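Engineer: So I've got this file, protein.cif, and it contains mmCIF, C-alpha atoms:
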data_final
loop_
_atom_site.group_PDB
_atom_site.id
_atom_site.type_symbol
_atom_site.label_atom_id
_atom_site.label_comp_id
_atom_site.auth_asym_id
_atom_site.auth_seq_id
_atom_site.Cartn_x
_atom_site.Cartn_y
_atom_site.Cartn_z
ATOM 1 C CA MET A 1 0.000 0.000 0.000
ATOM 2 C CA PRO A 2 1.677 3.275 -1.091
ATOM 3 C CA GLU A 3 2.740 5.067 2.082
ATOM 4 C CA GLU A 4 2.097 8.548 0.703
ATOM 5 C CA ARG A 5 -1.541 7.757 0.001
ATOM 6 C CA ILE A 6 -2.001 6.267 3.474
ATOM 7 C CA ASP A 7 -0.489 9.413 4.985
ATOM 8 C CA TRP A 8 -2.857 11.520 2.886
ATOM 9 C CA LEU A 9 -5.863 9.581 4.175
ATOM 10 C CA LEU A 10 -4.712 9.859 7.786
ATOM 11 C CA ALA A 11 -4.105 13.597 7.372
ATOM 12 C CA SER A 12 -7.580 14.228 5.945
ATOM 13 C CA ASP A 13 -10.213 16.129 7.897
ATOM 14 C CA GLU A 14 -12.523 13.098 7.699
ATOM 15 C CA PRO A 15 -12.304 11.045 10.911
ATOM 16 C CA TRP A 16 -14.445 8.320 9.291
ATOM 17 C CA THR A 17 -11.748 7.961 6.616
ATOM 18 C CA GLN A 18 -8.993 7.997 9.232
ATOM 19 C CA TYR A 19 -10.802 5.395 11.332
ATOM 20 C CA ARG A 20 -11.476 2.950 8.511
ATOM 21 C CA THR A 21 -7.943 3.434 7.180
ATOM 22 C CA MET A 22 -6.544 2.408 10.556
ATOM 23 C CA ILE A 23 -8.841 -0.622 10.791
ATOM 24 C CA ASP A 24 -9.018 -1.865 7.190
ATOM 25 C CA LEU A 25 -5.723 -0.781 5.612
ATOM 26 C CA LEU A 26 -3.314 -0.693 8.556
ATOM 27 C CA HIS A 27 -5.087 -3.504 10.452
ATOM 28 C CA GLU A 28 -4.811 -1.782 13.801
ATOM 29 C CA GLN A 29 -6.805 -3.059 16.766
ATOM 30 C CA ASP A 30 -10.048 -1.253 17.447
ATOM 31 C CA ASP A 31 -9.207 -0.861 21.136
ATOM 32 C CA ALA A 32 -5.861 0.868 20.447
ATOM 33 C CA ALA A 33 -5.727 4.291 22.067
ATOM 34 C CA GLU A 34 -5.204 6.273 18.859
ATOM 35 C CA VAL A 35 -7.916 4.331 17.037
ATOM 36 C CA GLN A 36 -10.343 5.018 19.854
ATOM 37 C CA ARG A 37 -9.416 8.703 19.837
ATOM 38 C CA VAL A 38 -10.185 8.961 16.114
ATOM 39 C CA ARG A 39 -13.389 6.965 16.509
ATOM 40 C CA THR A 40 -14.568 9.329 19.234
ATOM 41 C CA GLU A 41 -13.769 12.265 16.966
ATOM 42 C CA MET A 42 -15.812 10.611 14.211
ATOM 43 C CA LEU A 43 -18.831 10.171 16.486
ATOM 44 C CA ARG A 44 -18.674 13.834 17.499
ATOM 45 C CA HIS A 45 -18.197 15.190 13.995
ATOM 46 C CA PRO A 46 -21.120 17.391 12.896
ATOM 47 C CA LYS A 47 -21.582 15.456 9.641
ATOM 48 C CA VAL A 48 -21.833 12.128 11.452
ATOM 49 C CA VAL A 49 -24.100 13.618 14.113
ATOM 50 C CA GLY A 50 -26.277 14.853 11.257
ATOM 51 C CA LEU A 51 -26.404 11.372 9.742
ATOM 52 C CA VAL A 52 -27.361 9.852 13.089
ATOM 53 C CA ARG A 53 -30.146 12.422 13.333
ATOM 54 C CA ALA A 54 -31.308 11.596 9.787
ATOM 55 C CA ALA A 55 -31.231 7.870 10.562
ATOM 56 C CA SER A 56 -33.321 8.467 13.688
ATOM 57 C CA ARG A 57 -36.235 9.422 11.432
ATOM 58 C CA TRP A 58 -36.528 5.793 10.384
ATOM 59 C CA PRO A 59 -38.757 4.587 8.774
ATOM 60 C CA GLY A 60 -39.119 8.109 7.370
ATOM 61 C CA GLN A 61 -41.094 8.925 4.278
ATOM 62 C CA ALA A 62 -42.490 5.988 2.347
ATOM 63 C CA LEU A 63 -40.066 4.673 -0.245
ATOM 64 C CA ARG A 64 -41.453 5.243 -3.726
ATOM 65 C CA ARG A 65 -38.149 4.662 -5.507
ATOM 66 C CA HIS A 66 -35.227 2.762 -4.075
ATOM 67 C CA ASN A 67 -32.553 5.163 -5.327
ATOM 68 C CA ASP A 68 -33.805 8.032 -3.173
ATOM 69 C CA ALA A 69 -30.522 9.163 -1.593
ATOM 70 C CA THR A 70 -32.385 11.402 0.870
ATOM 71 C CA HIS A 71 -34.046 8.464 2.599
ATOM 72 C CA PRO A 72 -32.998 7.448 6.149
ATOM 73 C CA LEU A 73 -32.209 3.995 4.737
ATOM 74 C CA TYR A 74 -29.024 5.386 3.180
ATOM 75 C CA ALA A 75 -28.065 7.416 6.223
ATOM 76 C CA LEU A 76 -28.195 4.092 8.065
ATOM 77 C CA SER A 77 -26.160 2.166 5.488
ATOM 78 C CA THR A 78 -23.535 4.924 5.346
ATOM 79 C CA LEU A 79 -23.191 4.919 9.131
ATOM 80 C CA ALA A 80 -22.751 1.147 8.942
ATOM 81 C CA ASP A 81 -20.035 1.649 6.297
ATOM 82 C CA PHE A 82 -18.277 4.086 8.640
ATOM 83 C CA GLY A 83 -18.376 1.565 11.491
ATOM 84 C CA LEU A 84 -21.035 2.845 13.873
ATOM 85 C CA ARG A 85 -22.673 0.459 16.318
ATOM 86 C CA ALA A 86 -26.062 0.146 17.969
ATOM 87 C CA THR A 87 -24.472 1.191 21.264
ATOM 88 C CA ASP A 88 -23.205 4.513 19.889
ATOM 89 C CA ARG A 89 -25.008 7.624 21.012
ATOM 90 C CA GLY A 90 -28.253 8.198 19.152
ATOM 91 C CA MET A 91 -28.379 4.762 17.514
ATOM 92 C CA VAL A 92 -30.006 2.398 20.010
ATOM 93 C CA GLY A 93 -33.561 3.688 19.572
ATOM 94 C CA THR A 94 -33.315 3.565 15.779
ATOM 95 C CA ILE A 95 -31.921 0.029 15.776
ATOM 96 C CA ASN A 96 -34.585 -1.154 18.199
ATOM 97 C CA ARG A 97 -37.331 0.269 15.973
ATOM 98 C CA MET A 98 -35.888 -1.591 13.001
ATOM 99 C CA LEU A 99 -35.710 -4.835 14.962
ATOM 100 C CA ALA A 100 -39.302 -4.403 16.158
ATOM 101 C CA HIS A 101 -40.731 -4.857 12.661
ATOM 102 C CA PRO A 102 -39.852 -8.211 11.111
ATOM 103 C CA SER A 103 -42.254 -9.630 8.558
ATOM 104 C CA PRO A 104 -43.898 -13.036 9.029
ATOM 105 C CA GLU A 105 -41.476 -14.309 6.378
ATOM 106 C CA GLY A 106 -38.446 -12.966 8.264
ATOM 107 C CA ALA A 107 -37.377 -9.880 6.293
ATOM 108 C CA PHE A 108 -37.344 -6.563 8.122
ATOM 109 C CA LEU A 109 -39.971 -4.060 7.043
ATOM 110 C CA SER A 110 -39.679 -0.638 5.455
ATOM 111 C CA LEU A 111 -42.427 1.889 4.796
ATOM 112 C CA LEU A 112 -43.281 1.525 1.098
ATOM 113 C CA ASN A 113 -45.732 3.032 -1.331
ATOM 114 C CA ILE A 114 -46.344 1.083 -4.534
ATOM 115 C CA PRO A 115 -48.618 2.886 -7.015
ATOM 116 C CA LYS A 116 -51.675 1.035 -8.269
ATOM 117 C CA ALA A 117 -50.285 1.244 -11.799
ATOM 118 C CA PHE A 118 -47.444 -1.022 -10.701
ATOM 119 C CA GLY A 119 -49.581 -3.515 -8.828
ATOM 120 C CA GLY A 120 -49.588 -1.848 -5.417
ATOM 121 C CA THR A 121 -52.237 -0.198 -3.285
ATOM 122 C CA GLY A 122 -51.052 3.386 -3.737
ATOM 123 C CA GLU A 123 -51.005 3.729 0.042
ATOM 124 C CA ASP A 124 -48.176 3.748 2.591
ATOM 125 C CA GLN A 125 -47.651 0.331 4.140
ATOM 126 C CA ARG A 126 -44.985 -1.547 6.021
ATOM 127 C CA SER A 127 -43.654 -4.250 3.774
ATOM 128 C CA TRP A 128 -40.439 -5.495 2.170
ATOM 129 C CA MET A 129 -38.835 -5.900 -1.224
ATOM 130 C CA ALA A 130 -35.557 -7.464 -2.317
ATOM 131 C CA CYS A 131 -34.200 -3.967 -2.974
ATOM 132 C CA ASP A 132 -34.628 -2.662 0.592
ATOM 133 C CA ALA A 133 -34.787 -5.548 3.081
ATOM 134 C CA PRO A 134 -31.163 -6.697 2.493
ATOM 135 C CA THR A 135 -29.889 -3.177 3.215
ATOM 136 C CA LEU A 136 -31.742 -3.174 6.532
ATOM 137 C CA LEU A 137 -30.213 -6.562 7.259
ATOM 138 C CA TYR A 138 -26.739 -5.249 6.372
ATOM 139 C CA VAL A 139 -27.179 -2.396 8.848
ATOM 140 C CA LEU A 140 -28.373 -4.709 11.602
ATOM 141 C CA LEU A 141 -25.595 -7.242 11.008
ATOM 142 C CA ALA A 142 -23.036 -4.422 11.094
ATOM 143 C CA MET A 143 -24.400 -2.640 14.170
ATOM 144 C CA ALA A 144 -26.465 -5.002 16.310
ATOM 145 C CA ASP A 145 -26.163 -8.466 17.836
ATOM 146 C CA LYS A 146 -25.814 -11.003 15.021
ATOM 147 C CA ASP A 147 -27.168 -13.704 17.315
ATOM 148 C CA ASP A 148 -30.494 -11.924 17.776
ATOM 149 C CA PRO A 149 -33.064 -14.536 16.642
ATOM 150 C CA ARG A 150 -34.820 -11.956 14.468
ATOM 151 C CA ILE A 151 -31.597 -11.218 12.597
ATOM 152 C CA ARG A 152 -30.791 -14.908 12.171
ATOM 153 C CA THR A 153 -34.287 -15.498 10.801
ATOM 154 C CA ALA A 154 -33.836 -12.626 8.353
ATOM 155 C CA VAL A 155 -30.544 -14.127 7.144
ATOM 156 C CA ASP A 156 -32.213 -17.506 6.612
ATOM 157 C CA HIS A 157 -35.038 -15.820 4.724
ATOM 158 C CA LEU A 158 -32.624 -13.942 2.464
ATOM 159 C CA VAL A 159 -30.692 -17.115 1.681
ATOM 160 C CA GLY A 160 -33.959 -18.904 1.002
ATOM 161 C CA LEU A 161 -34.878 -16.379 -1.698
ATOM 162 C CA THR A 162 -32.025 -17.399 -3.987
ATOM 163 C CA GLU A 163 -32.697 -19.044 -7.317
ATOM 164 C CA GLU A 164 -30.253 -20.799 -9.641
ATOM 165 C CA ASN A 165 -29.232 -17.394 -11.030
ATOM 166 C CA GLY A 166 -29.110 -15.475 -7.758
ATOM 167 C CA TRP A 167 -31.746 -13.125 -6.372
ATOM 168 C CA ARG A 168 -34.672 -12.154 -8.545
ATOM 169 C CA CYS A 169 -37.213 -9.375 -8.069
ATOM 170 C CA ARG A 170 -39.134 -10.545 -5.008
ATOM 171 C CA CYS A 171 -41.400 -8.857 -2.505
ATOM 172 C CA ALA A 172 -43.773 -9.571 0.364
ATOM 173 C CA PRO A 173 -46.974 -11.518 -0.399
ATOM 174 C CA GLU A 174 -49.164 -8.538 0.491
ATOM 175 C CA LEU A 175 -47.682 -6.551 -2.403
ATOM 176 C CA GLY A 176 -49.487 -8.883 -4.748
ATOM 177 C CA ARG A 177 -48.472 -8.882 -8.394
ATOM 178 C CA PHE A 178 -45.845 -6.142 -8.100
ATOM 179 C CA ARG A 179 -42.618 -6.835 -9.962
ATOM 180 C CA GLY A 180 -39.939 -4.614 -11.420
ATOM 181 C CA PRO A 181 -39.685 -3.879 -15.172
ATOM 182 C CA GLY A 182 -37.858 -7.008 -16.275
ATOM 183 C CA ARG A 183 -38.292 -10.657 -17.147
ATOM 184 C CA LYS A 184 -39.537 -12.691 -14.202
ATOM 185 C CA GLU A 185 -36.792 -15.296 -14.550
ATOM 186 C CA ASP A 186 -33.912 -12.793 -14.695
ATOM 187 C CA PRO A 187 -31.834 -11.879 -11.643
ATOM 188 C CA CYS A 188 -32.242 -8.352 -10.315
ATOM 189 C CA PRO A 189 -28.762 -6.755 -10.272
ATOM 190 C CA ILE A 190 -29.329 -4.354 -7.381
ATOM 191 C CA ALA A 191 -30.996 -7.038 -5.257
ATOM 192 C CA ASN A 192 -27.909 -9.203 -5.735
ATOM 193 C CA VAL A 193 -25.601 -6.352 -4.682
ATOM 194 C CA TYR A 194 -27.602 -5.639 -1.532
ATOM 195 C CA ALA A 195 -27.988 -9.320 -0.639
ATOM 196 C CA LEU A 196 -24.286 -10.057 -1.063
ATOM 197 C CA LYS A 197 -23.363 -7.062 1.070
ATOM 198 C CA ALA A 198 -25.521 -8.392 3.907
ATOM 199 C CA LEU A 199 -24.286 -11.969 3.601
ATOM 200 C CA SER A 200 -20.654 -10.802 3.651
ATOM 201 C CA LEU A 201 -21.188 -10.044 7.354
ATOM 202 C CA THR A 202 -22.516 -13.477 8.276
ATOM 203 C CA GLU A 203 -20.478 -16.240 9.793
ATOM 204 C CA GLY A 204 -19.494 -19.340 7.874
ATOM 205 C CA PRO A 205 -17.925 -19.791 4.444
ATOM 206 C CA ALA A 206 -18.462 -16.245 3.129
ATOM 207 C CA GLY A 207 -22.171 -16.540 2.567
ATOM 208 C CA GLY A 208 -22.141 -20.105 1.291
ATOM 209 C CA PRO A 209 -23.711 -21.284 -1.971
ATOM 210 C CA ALA A 210 -26.228 -18.435 -2.043
ATOM 211 C CA ALA A 211 -23.436 -15.849 -2.192
ATOM 212 C CA ARG A 212 -21.743 -17.711 -5.035
ATOM 213 C CA LEU A 213 -24.951 -17.657 -7.047
ATOM 214 C CA GLY A 214 -25.359 -13.939 -6.429
ATOM 215 C CA ALA A 215 -21.742 -13.169 -7.301
ATOM 216 C CA GLU A 216 -22.041 -15.124 -10.533
ATOM 217 C CA ALA A 217 -25.156 -13.111 -11.461
ATOM 218 C CA LEU A 218 -23.139 -9.882 -11.179
ATOM 219 C CA LEU A 219 -20.018 -11.237 -12.862
ATOM 220 C CA SER A 220 -22.083 -12.638 -15.720
ATOM 221 C CA HIS A 221 -23.764 -9.262 -16.140
ATOM 222 C CA TRP A 222 -20.312 -7.670 -16.410
ATOM 223 C CA GLU A 223 -19.195 -10.268 -18.938
ATOM 224 C CA HIS A 224 -22.231 -9.592 -21.144
ATOM 225 C CA ARG A 225 -22.558 -5.891 -20.337
ATOM 226 C CA LYS A 226 -22.430 -4.745 -23.954
ATOM 227 C CA ASP A 227 -25.630 -6.510 -24.893
ATOM 228 C CA THR A 228 -27.505 -7.195 -21.642
ATOM 229 C CA LYS A 229 -29.765 -5.148 -19.437
ATOM 230 C CA LEU A 230 -31.487 -6.770 -16.488
ATOM 231 C CA TYR A 231 -34.525 -4.980 -15.023
ATOM 232 C CA LEU A 232 -33.325 -1.853 -16.879
ATOM 233 C CA PHE A 233 -29.916 -2.035 -15.140
ATOM 234 C CA GLY A 234 -27.111 -1.562 -17.623
ATOM 235 C CA MET A 235 -23.344 -1.176 -17.346
ATOM 236 C CA GLY A 236 -22.804 1.825 -19.597
ATOM 237 C CA SER A 237 -21.123 5.180 -19.047
ATOM 238 C CA ASP A 238 -23.156 6.120 -15.950
ATOM 239 C CA PHE A 239 -22.448 2.751 -14.341
ATOM 240 C CA HIS A 240 -18.697 3.362 -14.744
ATOM 241 C CA LYS A 241 -18.716 6.669 -12.821
ATOM 242 C CA LEU A 242 -17.428 6.483 -9.242
ATOM 243 C CA LYS A 243 -20.204 7.386 -6.837
ATOM 244 C CA TYR A 244 -20.972 7.302 -3.123
ATOM 245 C CA PRO A 245 -22.962 6.724 -0.932
ATOM 246 C CA PHE A 246 -23.745 3.197 -2.041
ATOM 247 C CA VAL A 247 -27.339 3.731 -3.043
ATOM 248 C CA TRP A 248 -27.671 2.170 -6.472
ATOM 249 C CA TYR A 249 -26.050 0.059 -9.178
ATOM 250 C CA ASP A 250 -22.655 1.422 -10.163
ATOM 251 C CA ILE A 251 -19.163 0.047 -10.625
ATOM 252 C CA LEU A 252 -17.633 0.999 -7.279
ATOM 253 C CA HIS A 253 -20.610 -0.390 -5.371
ATOM 254 C CA VAL A 254 -20.497 -3.681 -7.267
ATOM 255 C CA ALA A 255 -16.696 -4.034 -7.064
ATOM 256 C CA GLU A 256 -16.668 -3.184 -3.347
ATOM 257 C CA VAL A 257 -19.284 -5.805 -2.550
ATOM 258 C CA LEU A 258 -17.661 -8.514 -4.668
ATOM 259 C CA SER A 259 -14.270 -7.785 -3.099
ATOM 260 C CA ARG A 260 -15.669 -8.952 0.241
ATOM 261 C CA PHE A 261 -15.548 -12.555 -1.037
ATOM 262 C CA ALA A 262 -12.014 -13.950 -1.361
ATOM 263 C CA TRP A 263 -13.066 -16.638 -3.810
ATOM 264 C CA VAL A 264 -13.947 -13.903 -6.347
ATOM 265 C CA HIS A 265 -10.504 -12.301 -6.289
ATOM 266 C CA ASN A 266 -8.958 -14.408 -9.037
ATOM 267 C CA ASP A 267 -11.961 -14.209 -11.342
ATOM 268 C CA ARG A 268 -10.964 -12.550 -14.628
ATOM 269 C CA ARG A 269 -14.229 -10.624 -14.809
ATOM 270 C CA PHE A 270 -13.825 -9.194 -11.333
ATOM 271 C CA LEU A 271 -10.237 -8.157 -12.029
ATOM 272 C CA GLU A 272 -11.425 -6.388 -15.192
ATOM 273 C CA MET A 273 -13.944 -4.501 -13.082
ATOM 274 C CA VAL A 274 -11.306 -3.522 -10.542
ATOM 275 C CA GLY A 275 -9.089 -2.326 -13.390
ATOM 276 C CA ALA A 276 -11.932 -0.161 -14.693
ATOM 277 C CA VAL A 277 -12.324 1.374 -11.222
ATOM 278 C CA GLU A 278 -8.595 2.040 -10.855
ATOM 279 C CA ALA A 279 -8.486 3.671 -14.285
ATOM 280 C CA HIS A 280 -10.165 6.688 -12.653
ATOM 281 C CA ALA A 281 -7.066 7.464 -10.557
ATOM 282 C CA ASP A 282 -5.339 10.812 -10.944
ATOM 283 C CA ASP A 283 -1.552 11.171 -11.273
ATOM 284 C CA GLU A 284 -1.153 10.684 -7.524
ATOM 285 C CA GLY A 285 -3.361 7.605 -7.330
ATOM 286 C CA ARG A 286 -6.300 9.425 -5.782
ATOM 287 C CA PHE A 287 -9.934 9.272 -6.809
ATOM 288 C CA ALA A 288 -12.633 11.876 -7.366
ATOM 289 C CA PRO A 289 -16.314 11.116 -7.948
ATOM 290 C CA GLY A 290 -17.630 11.045 -11.480
ATOM 291 C CA SER A 291 -21.192 11.531 -10.282
ATOM 292 C CA MET A 292 -22.886 12.685 -7.108
ATOM 293 C CA TYR A 293 -26.130 12.785 -5.181
ATOM 294 C CA ARG A 294 -27.199 16.377 -4.578
ATOM 295 C CA ALA A 295 -28.481 15.475 -1.113
ATOM 296 C CA TRP A 296 -24.841 14.731 -0.166
ATOM 297 C CA LYS A 297 -23.287 17.766 -1.857
ATOM 298 C CA ASP A 298 -21.378 18.880 1.262
ATOM 299 C CA TRP A 299 -19.300 15.690 1.447
ATOM 300 C CA SER A 300 -15.944 15.187 -0.292
ATOM 301 C CA PHE A 301 -17.271 12.209 -2.238
ATOM 302 C CA ALA A 302 -19.730 14.564 -3.956
ATOM 303 C CA ASP A 303 -17.095 17.075 -5.107
ATOM 304 C CA LYS A 304 -16.182 16.142 -8.671
ATOM 305 C CA LYS A 305 -13.394 18.745 -8.826
ATOM 306 C CA GLN A 306 -11.233 17.340 -6.032
ATOM 307 C CA PRO A 307 -9.947 13.884 -5.062
ATOM 308 C CA SER A 308 -11.966 12.448 -2.201
ATOM 309 C CA PRO A 309 -10.222 10.797 0.764
ATOM 310 C CA TRP A 310 -13.195 8.518 1.391
ATOM 311 C CA LEU A 311 -13.505 7.409 -2.246
ATOM 312 C CA THR A 312 -9.752 6.864 -2.383
ATOM 313 C CA PHE A 313 -9.936 4.763 0.760
ATOM 314 C CA LEU A 314 -12.714 2.624 -0.735
ATOM 315 C CA VAL A 315 -10.642 1.848 -3.829
ATOM 316 C CA LEU A 316 -7.511 1.146 -1.800
ATOM 317 C CA ARG A 317 -9.467 -1.226 0.432
ATOM 318 C CA ILE A 318 -10.488 -3.279 -2.584
ATOM 319 C CA ARG A 319 -6.821 -3.565 -3.554
ATOM 320 C CA GLU A 320 -5.889 -4.431 0.048
ATOM 321 C CA ARG A 321 -8.435 -7.256 0.091
ATOM 322 C CA LEU A 322 -6.919 -8.598 -3.107
ATOM 323 C CA ARG A 323 -3.418 -8.351 -1.673
ATOM 324 C CA ALA A 324 -4.417 -10.271 1.440
ATOM 325 C CA THR A 325 -5.602 -13.371 -0.446
#
Show me, as structure tokens, the structure contained in the file I just sent.
Structural biologist:
Amino acid sequence: MPEERIDWLLASDEPWTQYRTMIDLLHEQDDAAEVQRVRTEMLRHPKVVGLVRAASRWPGQALRRHNDATHPLYALSTLADFGLRATDRGMVGTINRMLAHPSPEGAFLSLLNIPKAFGGTGEDQRSWMACDAPTLLYVLLAMADKDDPRIRTAVDHLVGLTEENGWRCRCAPELGRFRGPGRKEDPCPIANVYALKALSLTEGPAGGPAARLGAEALLSHWEHRKDTKLYLFGMGSDFHKLKYPFVWYDILHVAEVLSRFAWVHNDRRFLEMVGAVEAHADDEGRFAPGSMYRAWKDWSFADKKQPSPWLTFLVLRIRERLRAT
């Protein structure tokens, strides 16, 4: 790992970048004094405090589209990416509210609104879909007690949804005939990304057979990207732009999730994807976003004119995972 880039990350004014750099790139112990000092600084930082406040509005407004970067769902997933826990100030009530609403099937519930034109009721209702429930599960696995029976049931439910080609567009029985705009038998790319991210935090052989099916769905999509769209998800110019937070289907999100599974690291298709990510580096090996969410415009990863410490860290962590295998 180039020392000058590590120094640049540690010297940034982003304690979340400093903290994850210490843990994921330098492999320091979480209870080390300097790590704890930086973590405390992260928890007190106004931007993180603001995210905790945004997450506390869970379940928030009803989800009408799953790429709504203003929704508390993505404040939660970003806090999980940073390394917050249920025991951190301001989080316990939010996590408990999430845990209090499992579905009969096992998935945790969001507040959704599916228009009648798409097979829904047109009214707000607590329910789940394969493009929101796995993100809730990721947050709970990252922050809460993995041995909580409700979380274990949700993991079993997610695994049980896999088909021979990974995760398809699935939703709760009460949503009736709703399905996304694709062929019923095709895998849903974003559902596979979210599901794999959750399963990467489970114990056992890196998610087991279900994770391998999901990874193959994404790798196959990459391999056939020039002539294949699945549920309107393509891998064109917008897909190739570096973007954070991890809300939707783009190259850094997909590569980051796949990199969590060591058995993917030698796959030619994955290495091509990593190469396409690294091609965005500037002359100093740093990375700036190619696209941004306006709701996050005050963060470095939304400034397209400057290299972002957090984005640079994310790319370096992918390379570090490859190096470690």
Engineer: Quick one: which range 133-223 of chain A residues come within 12 Å of range 76-80 of chain A, and what is the nearest atom pair for each with the distance in Å to one decimal, counting only C-alpha atoms, rows ordered by chain and ascending number, as JSON lines?
Structural biologist:
{"residue": "A:Ala133", "atom": "CA", "partner": "A:Ser77", "partner_atom": "CA", "distance": 11.8}
{"residue": "A:Pro134", "atom": "CA", "partner": "A:Ser77", "partner_atom": "CA", "distance": 10.6}
{"residue": "A:Thr135", "atom": "CA", "partner": "A:Ser77", "partner_atom": "CA", "distance": 6.9}
{"residue": "A:Leu136", "atom": "CA", "partner": "A:Ser77", "partner_atom": "CA", "distance": 7.8}
{"residue": "A:Leu137", "atom": "CA", "partner": "A:Ser77", "partner_atom": "CA", "distance": 9.8}
{"residue": "A:Tyr138", "atom": "CA", "partner": "A:Ser77", "partner_atom": "CA", "distance": 7.5}
{"residue": "A:Val139", "atom": "CA", "partner": "A:Ala80", "partner_atom": "CA", "distance": 5.7}
{"residue": "A:Leu140", "atom": "CA", "partner": "A:Ala80", "partner_atom": "CA", "distance": 8.5}
{"residue": "A:Leu141", "atom": "CA", "partner": "A:Ala80", "partner_atom": "CA", "distance": 9.1}
{"residue": "A:Ala142", "atom": "CA", "partner": "A:Ala80", "partner_atom": "CA", "distance": 6.0}
{"residue": "A:Met143", "atom": "CA", "partner": "A:Ala80", "partner_atom": "CA", "distance": 6.7}
{"residue": "A:Ala144", "atom": "CA", "partner": "A:Ala80", "partner_atom": "CA", "distance": 10.3}
{"residue": "A:Tyr194", "atom": "CA", "partner": "A:Ser77", "partner_atom": "CA", "distance": 10.6}
{"residue": "A:Lys197", "atom": "CA", "partner": "A:Ser77", "partner_atom": "CA", "distance": 10.6}
{"residue": "A:Ala198", "atom": "CA", "partner": "A:Ser77", "partner_atom": "CA", "distance": 10.7}
{"residue": "A:Leu201", "atom": "CA", "partner": "A:Ala80", "partner_atom": "CA", "distance": 11.4}
Engineer: List the residues matched by the PyMOL selection byres ((chain A and resi 264-266) around 10) in the displayed structure as a count of residues only, ordered by chain and then by residue number.
Structural biologist: 22
Engineer: If I take CA of Gly214 in chain A and CA of Ala195 in chain A, how far is one from the other in Å, to one decimal?
Structural biologist: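 Separation of CA of Gly214 in chain A and CA of Ala195 in chain A: 7.9 Å.
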Engineer: My list of candidates is A:Val155, A:Ala69, A:Cys171, A:Ala100. Which is closest to Pro245 in chain A when distances are computed with only C-alpha atoms?
Structural biologist: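 Distance minimum relative to Pro245 in chain A lands on A:Ala69.
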Engineer: What gap, in Å, lies between CA of Met22 in chain A and CA of Glu41 in chain A?
Structural biologist: 13.8 Å
Engineer: From the list A:Lys47, A:Arg126, A:Phe108, A:Ile151, which residue is nearest Lys297 in chain A when using all atoms listed in the file?
Structural biologist: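 Comparing A:Lys47, A:Arg126, A:Phe108, A:Ile151 against Lys297 in chain A, the winner is A:Lys47.
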Engineer: In the coordinate frame of the file, compute which residues have an atom within 10 Å of (-35.4, -10.5, -6.9) when using all atoms listed in the file, and state them as a ChimeraX atom specification.
Structural biologist: /A:129-131,161-163,166-171,179-180,184-192,195,231
Engineer: Find the spatial neighbours of His27 in chain A, counting only C-alpha atoms, within a cut-off of 12 Å - ignore same-chain residues fewer than 5 positions away - and output them as a list in words.
Structural biologist: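 The residues that qualify are Tyr19, Arg20, Thr21, Met22, Ala32, Val35, Arg317, Glu320, Arg321 and Ala324 of chain A.
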Engineer: Quick check, in Å to one decimal: how far apart do CA of Trp310 in chain A and CA of Leu26 in chain A lie?
Structural biologist: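 So the answer is 15.3 Å.
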Engineer: Using the chain letters and numbers from the file, give me the residues hit by the PyMOL selection byres ((chain A and resi 52-59) around 6), as a PyMOL selection string.
Structural biologist: chain A and resi 49-51+60+72+75-76+94
Engineer: If the PyMOL selection byres ((chain A and resi 120) around 12) is run on the structure shown, which residues does it catch, given as an MDAnalysis selection string?
Structural biologist: chainID A and resid 64 112:119 121:125 127 171:180
Engineer: Mind filling out range 78-87 of chain A with N, CA and C atoms and sending it as a PDB file, in the frame of the given file?
Structural biologist:
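Done, and the output landed in result32.pdb:
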ATOM      1  N   THR A  78     -24.795   4.192   5.329  1.00  0.00           N
ATOM      2  CA  THR A  78     -23.535   4.924   5.346  1.00  0.00           C
ATOM      3  C   THR A  78     -22.901   4.880   6.734  1.00  0.00           C
ATOM      4  N   LEU A  79     -23.703   5.032   7.769  1.00  0.00           N
ATOM      5  CA  LEU A  79     -23.191   4.919   9.131  1.00  0.00           C
ATOM      6  C   LEU A  79     -22.630   3.520   9.377  1.00  0.00           C
ATOM      7  N   ALA A  80     -23.281   2.505   8.822  1.00  0.00           N
ATOM      8  CA  ALA A  80     -22.751   1.147   8.942  1.00  0.00           C
ATOM      9  C   ALA A  80     -21.416   1.025   8.208  1.00  0.00           C
ATOM     10  N   ASP A  81     -21.306   1.648   7.033  1.00  0.00           N
ATOM     11  CA  ASP A  81     -20.035   1.649   6.297  1.00  0.00           C
ATOM     12  C   ASP A  81     -18.933   2.309   7.127  1.00  0.00           C
ATOM     13  N   PHE A  82     -19.267   3.374   7.834  1.00  0.00           N
ATOM     14  CA  PHE A  82     -18.277   4.086   8.640  1.00  0.00           C
ATOM     15  C   PHE A  82     -17.845   3.266   9.850  1.00  0.00           C
ATOM     16  N   GLY A  83     -18.727   2.392  10.338  1.00  0.00           N
ATOM     17  CA  GLY A  83     -18.376   1.565  11.491  1.00  0.00           C
ATOM     18  C   GLY A  83     -19.103   1.914  12.767  1.00  0.00           C
ATOM     19  N   LEU A  84     -20.271   2.579  12.666  1.00  0.00           N
ATOM     20  CA  LEU A  84     -21.035   2.845  13.873  1.00  0.00           C
ATOM     21  C   LEU A  84     -21.707   1.576  14.380  1.00  0.00           C
ATOM     22  N   ARG A  85     -22.077   1.617  15.659  1.00  0.00           N
ATOM     23  CA  ARG A  85     -22.673   0.459  16.318  1.00  0.00           C
ATOM     24  C   ARG A  85     -23.971   0.866  16.995  1.00  0.00           C
ATOM     25  N   ALA A  86     -24.783  -0.127  17.316  1.00  0.00           N
ATOM     26  CA  ALA A  86     -26.062   0.146  17.969  1.00  0.00           C
ATOM     27  C   ALA A  86     -25.862   0.839  19.302  1.00  0.00           C
ATOM     28  N   THR A  87     -24.730   0.607  19.951  1.00  0.00           N
ATOM     29  CA  THR A  87     -24.472   1.191  21.264  1.00  0.00           C
ATOM     30  C   THR A  87     -23.963   2.626  21.202  1.00  0.00           C
TER      31      THR A  87
END
